[in-house]
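Report on the following structure.
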Amino acid sequence: MAMKLVAAAKVRRAQDAVVATRPFSETLQSVFGGLVQRLGSDTIDLPLLTQRDVKKVTLVIISGDRGLCGGYNSFMIKKTDARFKELVAQGIEVEMVLVGKKANAYFSRRNYPIVKYFDCGQNPNAKQANAISEEILSTYLAGETDTVELYYTKFVSLIASSPSTRTLIPFSASEISQESDEIYQLTSSEGKFEVERKDLGAAEPQEFPNDMIFEQDPIQIVNSILPLYLNGQLLRCLQESVASELAARMNAMQAAADNAGDLSSALSQEYNRARQASVTAEILEIVSGASALED
């Protein structure tokens with residue numbers, strides 16, 4: 001029960017972190033949407049928005065650093081393993097960037113092509129997300145990979161999470177400007193934890209007057225915004241994965257506490273039966289001895 005309450009406190013911190021990063025990501029999405037509307041189809045010339053023939057794929061996998069969280073780690077590992085085998089069967093080269101000790105332990109023991117490893121931790125921050133994004137951006141821009149896929153666990157509720165996947169790079173301009181967002185809040189009601197979700201929708205594109213003069217080329221501005229957007233998306237996915245892990249740990253610890261209670265009850269009942277049988281046997285011996293003396 002103590003571990004469950006600790007996990008609940010960490011879920012609250014994770015939700016506060018998501019809310020704190022929302023204004024920046026909302027403004028970034030708004031500016032990007034306005035610039036895309038201003039530029040029109042010119043944005044297709046940017047390397048991060050250009051689709052390539054896929055000959056090599058980088059898989060970024062987010063798992064936990066610890067166990068005692070039900071099937072959280074195993075579900076993600078199985079999903080990634082299935083995708084790896086699918087790509088290899090198609091003749092596509094695959095490499096992995098791992099986040100979290102559990103995924104690293106599994107794939108490194110089986111000699112999968114791992115190019116980089118990062119610890120996950122319990123409190124993701126912008127510095128951690130930036131380190132991961134720099135690794136995959138440098139690989140993509142150098143032409144060493146053609147697409148980057150992210151595997152993470154989407155937070156649904158305290159009793160449910162969903163192993164999910166998304167394409168990180170290359171970006172889609174329309175998806176960035178139209179992507180909706182949502183926040184969640186951990187509350188308690190009648191001694192039980194609950195999660196309230198709120199869909200915030202997509203940020204409205206910022207309007208730039210036609211006569212506005214940019215000091216830099218708008219395409220260069222968009223090109224500089226994309227890495228910031230990638231950092232924000234990675235941070236959000238890290239936060240959702242950690243929240244999912246903590247929720248899974250809350251459920252696992254609750255189940256462990258319930259099982260321990262059931263075991264204690266069953267053992268107490270068995271002990272009481274044995275004690276009752278012993279007392280009954282002693283009474284029968286005393287009665288039998290008294291009857292023998294009377295005879």
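So you can find residues: chains in the structure tokens are A, B, ... in the order shown, residues in each start at 1, and ligands are numbered from 1 in order.
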Next item on the list: For Leu98 in chain A, list every protein, DNA or RNA residue within 10 Å, evaluated using only C-alpha atoms, and leave out those in the same chain fewer than 5 positions away; present the list as a VMD selection string.
Entry: chain A and resid 59 to 63 103 to 105 107 to 108 114 to 120 132 151
Go ahead and dump the residues you just picked, N, CA and C atoms, as a PDB file, in the first residue's frame.
ATOM      1  N   LEU A  59      14.088   2.540 -34.669  1.00  0.00           N
ATOM      2  CA  LEU A  59      13.024   2.358 -33.690  1.00  0.00           C
ATOM      3  C   LEU A  59      13.462   2.943 -32.355  1.00  0.00           C
ATOM      4  N   VAL A  60      12.679   3.881 -31.823  1.00  0.00           N
ATOM      5  CA  VAL A  60      12.935   4.470 -30.505  1.00  0.00           C
ATOM      6  C   VAL A  60      11.929   3.856 -29.536  1.00  0.00           C
ATOM      7  N   ILE A  61      12.417   3.146 -28.522  1.00  0.00           N
ATOM      8  CA  ILE A  61      11.552   2.403 -27.596  1.00  0.00           C
ATOM      9  C   ILE A  61      11.682   2.988 -26.197  1.00  0.00           C
ATOM     10  N   ILE A  62      10.535   3.318 -25.597  1.00  0.00           N
ATOM     11  CA  ILE A  62      10.504   3.838 -24.230  1.00  0.00           C
ATOM     12  C   ILE A  62       9.936   2.760 -23.312  1.00  0.00           C
ATOM     13  N   SER A  63      10.736   2.321 -22.345  1.00  0.00           N
ATOM     14  CA  SER A  63      10.296   1.353 -21.342  1.00  0.00           C
ATOM     15  C   SER A  63      10.650   1.904 -19.968  1.00  0.00           C
ATOM     16  N   ALA A 103      14.018  -2.462 -21.414  1.00  0.00           N
ATOM     17  CA  ALA A 103      14.161  -2.732 -22.846  1.00  0.00           C
ATOM     18  C   ALA A 103      15.615  -3.004 -23.198  1.00  0.00           C
ATOM     19  N   ASN A 104      16.536  -2.250 -22.608  1.00  0.00           N
ATOM     20  CA  ASN A 104      17.958  -2.445 -22.891  1.00  0.00           C
ATOM     21  C   ASN A 104      18.416  -3.835 -22.453  1.00  0.00           C
ATOM     22  N   ALA A 105      17.951  -4.278 -21.285  1.00  0.00           N
ATOM     23  CA  ALA A 105      18.345  -5.601 -20.795  1.00  0.00           C
ATOM     24  C   ALA A 105      17.836  -6.704 -21.728  1.00  0.00           C
ATOM     25  N   PHE A 107      16.828  -6.494 -25.108  1.00  0.00           N
ATOM     26  CA  PHE A 107      17.340  -6.491 -26.482  1.00  0.00           C
ATOM     27  C   PHE A 107      18.854  -6.669 -26.541  1.00  0.00           C
ATOM     28  N   SER A 108      19.579  -6.178 -25.532  1.00  0.00           N
ATOM     29  CA  SER A 108      21.035  -6.343 -25.559  1.00  0.00           C
ATOM     30  C   SER A 108      21.434  -7.800 -25.354  1.00  0.00           C
ATOM     31  N   ILE A 114      21.518  -2.209 -31.387  1.00  0.00           N
ATOM     32  CA  ILE A 114      21.283  -1.040 -30.532  1.00  0.00           C
ATOM     33  C   ILE A 114      22.377  -0.011 -30.794  1.00  0.00           C
ATOM     34  N   VAL A 115      21.979   1.222 -31.124  1.00  0.00           N
ATOM     35  CA  VAL A 115      22.963   2.266 -31.414  1.00  0.00           C
ATOM     36  C   VAL A 115      23.123   3.246 -30.257  1.00  0.00           C
ATOM     37  N   LYS A 116      22.092   3.360 -29.400  1.00  0.00           N
ATOM     38  CA  LYS A 116      22.175   4.312 -28.287  1.00  0.00           C
ATOM     39  C   LYS A 116      21.211   3.879 -27.186  1.00  0.00           C
ATOM     40  N   TYR A 117      21.626   4.163 -25.944  1.00  0.00           N
ATOM     41  CA  TYR A 117      20.773   3.838 -24.795  1.00  0.00           C
ATOM     42  C   TYR A 117      20.699   5.035 -23.856  1.00  0.00           C
ATOM     43  N   PHE A 118      19.482   5.296 -23.332  1.00  0.00           N
ATOM     44  CA  PHE A 118      19.259   6.358 -22.351  1.00  0.00           C
ATOM     45  C   PHE A 118      18.466   5.792 -21.178  1.00  0.00           C
ATOM     46  N   ASP A 119      18.782   6.271 -19.971  1.00  0.00           N
ATOM     47  CA  ASP A 119      17.945   5.935 -18.818  1.00  0.00           C
ATOM     48  C   ASP A 119      16.616   6.673 -18.935  1.00  0.00           C
ATOM     49  N   CYS A 120      15.581   6.072 -18.380  1.00  0.00           N
ATOM     50  CA  CYS A 120      14.256   6.692 -18.430  1.00  0.00           C
ATOM     51  C   CYS A 120      14.003   7.574 -17.207  1.00  0.00           C
ATOM     52  N   ILE A 132      17.837  12.864 -26.537  1.00  0.00           N
ATOM     53  CA  ILE A 132      17.307  11.830 -27.433  1.00  0.00           C
ATOM     54  C   ILE A 132      17.047  12.402 -28.821  1.00  0.00           C
ATOM     55  N   TYR A 151       8.035   4.108 -30.114  1.00  0.00           N
ATOM     56  CA  TYR A 151       7.168   3.160 -29.406  1.00  0.00           C
ATOM     57  C   TYR A 151       7.111   3.572 -27.940  1.00  0.00           C
TER      58      TYR A 151
END
Report as JSON lines: every residue of range 9-109 of chain A with an atom at most 10 Å from range 230-246 of chain A, its closest pair of atoms, and their distance in Å to one decimal, counting only C-alpha atoms, with rows sorted by chain and ascending residue number.
{"residue": "A:Ala9", "atom": "CA", "partner": "A:Leu246", "partner_atom": "CA", "distance": 9.3}
{"residue": "A:Lys10", "atom": "CA", "partner": "A:Leu246", "partner_atom": "CA", "distance": 7.2}
{"residue": "A:Val11", "atom": "CA", "partner": "A:Ala243", "partner_atom": "CA", "distance": 5.5}
{"residue": "A:Arg12", "atom": "CA", "partner": "A:Ala243", "partner_atom": "CA", "distance": 8.8}
{"residue": "A:Arg13", "atom": "CA", "partner": "A:Ala243", "partner_atom": "CA", "distance": 9.2}
{"residue": "A:Ala14", "atom": "CA", "partner": "A:Ala243", "partner_atom": "CA", "distance": 6.2}
{"residue": "A:Gln15", "atom": "CA", "partner": "A:Ala243", "partner_atom": "CA", "distance": 7.8}
{"residue": "A:Ala17", "atom": "CA", "partner": "A:Gln239", "partner_atom": "CA", "distance": 7.8}
{"residue": "A:Val18", "atom": "CA", "partner": "A:Arg236", "partner_atom": "CA", "distance": 6.9}
{"residue": "A:Thr21", "atom": "CA", "partner": "A:Gly232", "partner_atom": "CA", "distance": 8.0}
{"residue": "A:Arg22", "atom": "CA", "partner": "A:Gly232", "partner_atom": "CA", "distance": 9.3}
{"residue": "A:Phe24", "atom": "CA", "partner": "A:Gly232", "partner_atom": "CA", "distance": 8.6}
{"residue": "A:Ser25", "atom": "CA", "partner": "A:Gly232", "partner_atom": "CA", "distance": 6.5}
{"residue": "A:Leu28", "atom": "CA", "partner": "A:Gly232", "partner_atom": "CA", "distance": 9.3}
{"residue": "A:Ile62", "atom": "CA", "partner": "A:Ser241", "partner_atom": "CA", "distance": 7.1}
{"residue": "A:Ser63", "atom": "CA", "partner": "A:Ser241", "partner_atom": "CA", "distance": 7.4}
{"residue": "A:Gly64", "atom": "CA", "partner": "A:Glu245", "partner_atom": "CA", "distance": 6.9}
{"residue": "A:Asp65", "atom": "CA", "partner": "A:Glu245", "partner_atom": "CA", "distance": 9.7}
{"residue": "A:Arg66", "atom": "CA", "partner": "A:Glu245", "partner_atom": "CA", "distance": 9.3}
{"residue": "A:Gly67", "atom": "CA", "partner": "A:Glu245", "partner_atom": "CA", "distance": 9.2}
{"residue": "A:Leu68", "atom": "CA", "partner": "A:Glu245", "partner_atom": "CA", "distance": 9.5}
{"residue": "A:Cys69", "atom": "CA", "partner": "A:Glu245", "partner_atom": "CA", "distance": 6.4}
{"residue": "A:Gly70", "atom": "CA", "partner": "A:Glu245", "partner_atom": "CA", "distance": 8.8}
{"residue": "A:Gly71", "atom": "CA", "partner": "A:Glu245", "partner_atom": "CA", "distance": 9.4}
{"residue": "A:Tyr72", "atom": "CA", "partner": "A:Glu245", "partner_atom": "CA", "distance": 6.2}
{"residue": "A:Asn73", "atom": "CA", "partner": "A:Glu245", "partner_atom": "CA", "distance": 8.2}
{"residue": "A:Val99", "atom": "CA", "partner": "A:Leu238", "partner_atom": "CA", "distance": 9.1}
Taking N, CA and C atoms for each residue, export the selection above as a PDB file, in the first residue's frame.
ATOM      1  N   ALA A   9       1.551   9.663  -5.828  1.00  0.00           N
ATOM      2  CA  ALA A   9       2.157  10.989  -5.681  1.00  0.00           C
ATOM      3  C   ALA A   9       2.994  11.336  -6.906  1.00  0.00           C
ATOM      4  N   LYS A  10       3.695  10.344  -7.458  1.00  0.00           N
ATOM      5  CA  LYS A  10       4.509  10.593  -8.647  1.00  0.00           C
ATOM      6  C   LYS A  10       3.637  10.833  -9.880  1.00  0.00           C
ATOM      7  N   VAL A  11       2.474  10.177  -9.956  1.00  0.00           N
ATOM      8  CA  VAL A  11       1.545  10.443 -11.056  1.00  0.00           C
ATOM      9  C   VAL A  11       1.102  11.906 -11.016  1.00  0.00           C
ATOM     10  N   ARG A  12       0.840  12.410  -9.820  1.00  0.00           N
ATOM     11  CA  ARG A  12       0.461  13.824  -9.689  1.00  0.00           C
ATOM     12  C   ARG A  12       1.572  14.745 -10.210  1.00  0.00           C
ATOM     13  N   ARG A  13       2.810  14.413  -9.897  1.00  0.00           N
ATOM     14  CA  ARG A  13       3.929  15.228 -10.383  1.00  0.00           C
ATOM     15  C   ARG A  13       4.021  15.156 -11.911  1.00  0.00           C
ATOM     16  N   ALA A  14       3.768  13.973 -12.450  1.00  0.00           N
ATOM     17  CA  ALA A  14       3.817  13.807 -13.907  1.00  0.00           C
ATOM     18  C   ALA A  14       2.740  14.646 -14.583  1.00  0.00           C
ATOM     19  N   GLN A  15       1.539  14.674 -13.999  1.00  0.00           N
ATOM     20  CA  GLN A  15       0.461  15.461 -14.594  1.00  0.00           C
ATOM     21  C   GLN A  15       0.765  16.958 -14.499  1.00  0.00           C
ATOM     22  N   ALA A  17       3.709  18.245 -14.641  1.00  0.00           N
ATOM     23  CA  ALA A  17       4.728  18.510 -15.662  1.00  0.00           C
ATOM     24  C   ALA A  17       4.091  18.650 -17.039  1.00  0.00           C
ATOM     25  N   VAL A  18       3.074  17.823 -17.341  1.00  0.00           N
ATOM     26  CA  VAL A  18       2.377  17.913 -18.627  1.00  0.00           C
ATOM     27  C   VAL A  18       1.679  19.263 -18.758  1.00  0.00           C
ATOM     28  N   THR A  21       4.142  22.193 -19.473  1.00  0.00           N
ATOM     29  CA  THR A  21       4.718  22.292 -20.819  1.00  0.00           C
ATOM     30  C   THR A  21       3.679  22.642 -21.878  1.00  0.00           C
ATOM     31  N   ARG A  22       2.403  22.635 -21.512  1.00  0.00           N
ATOM     32  CA  ARG A  22       1.334  22.885 -22.486  1.00  0.00           C
ATOM     33  C   ARG A  22       1.422  24.265 -23.139  1.00  0.00           C
ATOM     34  N   PHE A  24       3.906  26.234 -23.898  1.00  0.00           N
ATOM     35  CA  PHE A  24       4.973  26.307 -24.898  1.00  0.00           C
ATOM     36  C   PHE A  24       4.598  25.520 -26.150  1.00  0.00           C
ATOM     37  N   SER A  25       4.117  24.289 -25.976  1.00  0.00           N
ATOM     38  CA  SER A  25       3.770  23.462 -27.136  1.00  0.00           C
ATOM     39  C   SER A  25       2.589  24.059 -27.910  1.00  0.00           C
ATOM     40  N   LEU A  28       3.960  26.992 -29.934  1.00  0.00           N
ATOM     41  CA  LEU A  28       4.782  26.470 -31.019  1.00  0.00           C
ATOM     42  C   LEU A  28       3.897  25.959 -32.158  1.00  0.00           C
ATOM     43  N   ILE A  62      10.535   3.318 -25.597  1.00  0.00           N
ATOM     44  CA  ILE A  62      10.504   3.838 -24.230  1.00  0.00           C
ATOM     45  C   ILE A  62       9.936   2.760 -23.312  1.00  0.00           C
ATOM     46  N   SER A  63      10.736   2.321 -22.345  1.00  0.00           N
ATOM     47  CA  SER A  63      10.296   1.353 -21.342  1.00  0.00           C
ATOM     48  C   SER A  63      10.650   1.904 -19.968  1.00  0.00           C
ATOM     49  N   GLY A  64      10.422   1.104 -18.942  1.00  0.00           N
ATOM     50  CA  GLY A  64      10.735   1.535 -17.592  1.00  0.00           C
ATOM     51  C   GLY A  64      12.123   1.094 -17.156  1.00  0.00           C
ATOM     52  N   ASP A  65      12.570   1.655 -16.048  1.00  0.00           N
ATOM     53  CA  ASP A  65      13.854   1.267 -15.459  1.00  0.00           C
ATOM     54  C   ASP A  65      13.686   0.166 -14.423  1.00  0.00           C
ATOM     55  N   ARG A  66      12.465  -0.023 -13.934  1.00  0.00           N
ATOM     56  CA  ARG A  66      12.223  -0.984 -12.857  1.00  0.00           C
ATOM     57  C   ARG A  66      11.018  -1.865 -13.188  1.00  0.00           C
ATOM     58  N   GLY A  67      10.884  -2.933 -12.404  1.00  0.00           N
ATOM     59  CA  GLY A  67       9.755  -3.833 -12.563  1.00  0.00           C
ATOM     60  C   GLY A  67       8.649  -3.512 -11.564  1.00  0.00           C
ATOM     61  N   LEU A  68       7.936  -4.557 -11.123  1.00  0.00           N
ATOM     62  CA  LEU A  68       6.819  -4.403 -10.195  1.00  0.00           C
ATOM     63  C   LEU A  68       5.751  -3.464 -10.751  1.00  0.00           C
ATOM     64  N   CYS A  69       5.511  -3.569 -12.066  1.00  0.00           N
ATOM     65  CA  CYS A  69       4.496  -2.713 -12.689  1.00  0.00           C
ATOM     66  C   CYS A  69       3.648  -3.509 -13.675  1.00  0.00           C
ATOM     67  N   GLY A  70       3.339  -4.759 -13.312  1.00  0.00           N
ATOM     68  CA  GLY A  70       2.475  -5.581 -14.150  1.00  0.00           C
ATOM     69  C   GLY A  70       3.103  -5.875 -15.502  1.00  0.00           C
ATOM     70  N   GLY A  71       2.291  -5.763 -16.562  1.00  0.00           N
ATOM     71  CA  GLY A  71       2.768  -6.070 -17.914  1.00  0.00           C
ATOM     72  C   GLY A  71       3.239  -4.857 -18.687  1.00  0.00           C
ATOM     73  N   TYR A  72       3.506  -3.747 -18.000  1.00  0.00           N
ATOM     74  CA  TYR A  72       3.881  -2.493 -18.680  1.00  0.00           C
ATOM     75  C   TYR A  72       5.087  -2.698 -19.599  1.00  0.00           C
ATOM     76  N   ASN A  73       6.161  -3.251 -19.090  1.00  0.00           N
ATOM     77  CA  ASN A  73       7.384  -3.418 -19.891  1.00  0.00           C
ATOM     78  C   ASN A  73       7.245  -4.524 -20.926  1.00  0.00           C
ATOM     79  N   VAL A  99      15.274   3.602 -24.543  1.00  0.00           N
ATOM     80  CA  VAL A  99      15.103   4.458 -23.367  1.00  0.00           C
ATOM     81  C   VAL A  99      14.516   3.582 -22.267  1.00  0.00           C
TER      82      VAL A  99
END
Note to self: Report, in Å with one decimal, the straight-line distance from CA of Val97 in chain A to CA of Pro113 in chain A.
What the structure shows: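 The value is 9.0 Å.
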Check: Nearest to Ser74 in chain A: which of A:Ala260, A:Ala248, A:Val88, A:Leu137 is it, counting only C-alpha atoms?
Finding: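 Answer, going by the shortest atom-to-atom distance: A:Ala248.
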Checklist line | alpha helix (DSSP H) call set, DSSP backbone run, range 19-149 of chain A, as a ChimeraX atom specification | finding: /A:19-39,72-89,101-109,126-141
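Relative to CA of Ala2 in chain A, CA of Gly261 in chain A is found at 14.6 Å.
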Notebook entry, point to check: Got a sec: who's within 8 Å of Ala247 in chain A, counting only C-alpha atoms, leaving out chain neighbours fewer than 3 positions off, as a ChimeraX atom specification?
Noted result: /A:7-8,11,157-159,243-244,250-251
Hey, can you spit out that residue selection with N, CA and C atoms as a compact mmCIF listing (two decimals), in the first residue's frame?
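The file below, part_3.txt, is the result:
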# COMPACT_ATOMS: atom_id res chain seq x y z
N ALA A 7 3.52 5.81 -5.74
CA ALA A 7 3.28 5.89 -7.19
C ALA A 7 2.22 6.93 -7.51
N ALA A 8 1.18 7.02 -6.67
CA ALA A 8 0.11 8.01 -6.89
C ALA A 8 0.67 9.43 -6.79
N VAL A 11 2.47 10.18 -9.96
CA VAL A 11 1.54 10.44 -11.06
C VAL A 11 1.10 11.91 -11.02
N SER A 157 -5.94 5.62 -18.56
CA SER A 157 -6.54 5.80 -17.24
C SER A 157 -5.67 5.07 -16.23
N LEU A 158 -6.10 5.11 -14.96
CA LEU A 158 -5.32 4.43 -13.92
C LEU A 158 -5.36 2.92 -14.07
N ILE A 159 -6.34 2.39 -14.78
CA ILE A 159 -6.45 0.94 -14.93
C ILE A 159 -6.19 0.49 -16.36
N ALA A 243 3.90 8.10 -16.62
CA ALA A 243 2.60 8.08 -15.95
C ALA A 243 1.93 6.71 -16.09
N SER A 244 2.06 6.09 -17.26
CA SER A 244 1.49 4.76 -17.47
C SER A 244 2.18 3.73 -16.59
N MET A 250 0.78 1.21 -9.46
CA MET A 250 -0.29 1.37 -8.48
C MET A 250 -1.22 0.16 -8.50
N ASN A 251 -1.60 -0.27 -9.69
CA ASN A 251 -2.50 -1.43 -9.81
C ASN A 251 -1.83 -2.71 -9.33
Margin query: Could you go through range 80-181 of chain A and tell me which residues DSSP, when run on the backbone, assigns to strand (DSSP E), listing them as a PyMOL selection string?
Written below: chain A and resi 93-99+114-118+147-157+160-169+181
Next item on the list: Grab the CA of Pro218 in chain A to CA of Val31 in chain A distance for me, in Å with one decimal place.
Entry: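 We find that CA of Pro218 in chain A and CA of Val31 in chain A lie 10.9 Å from each other.
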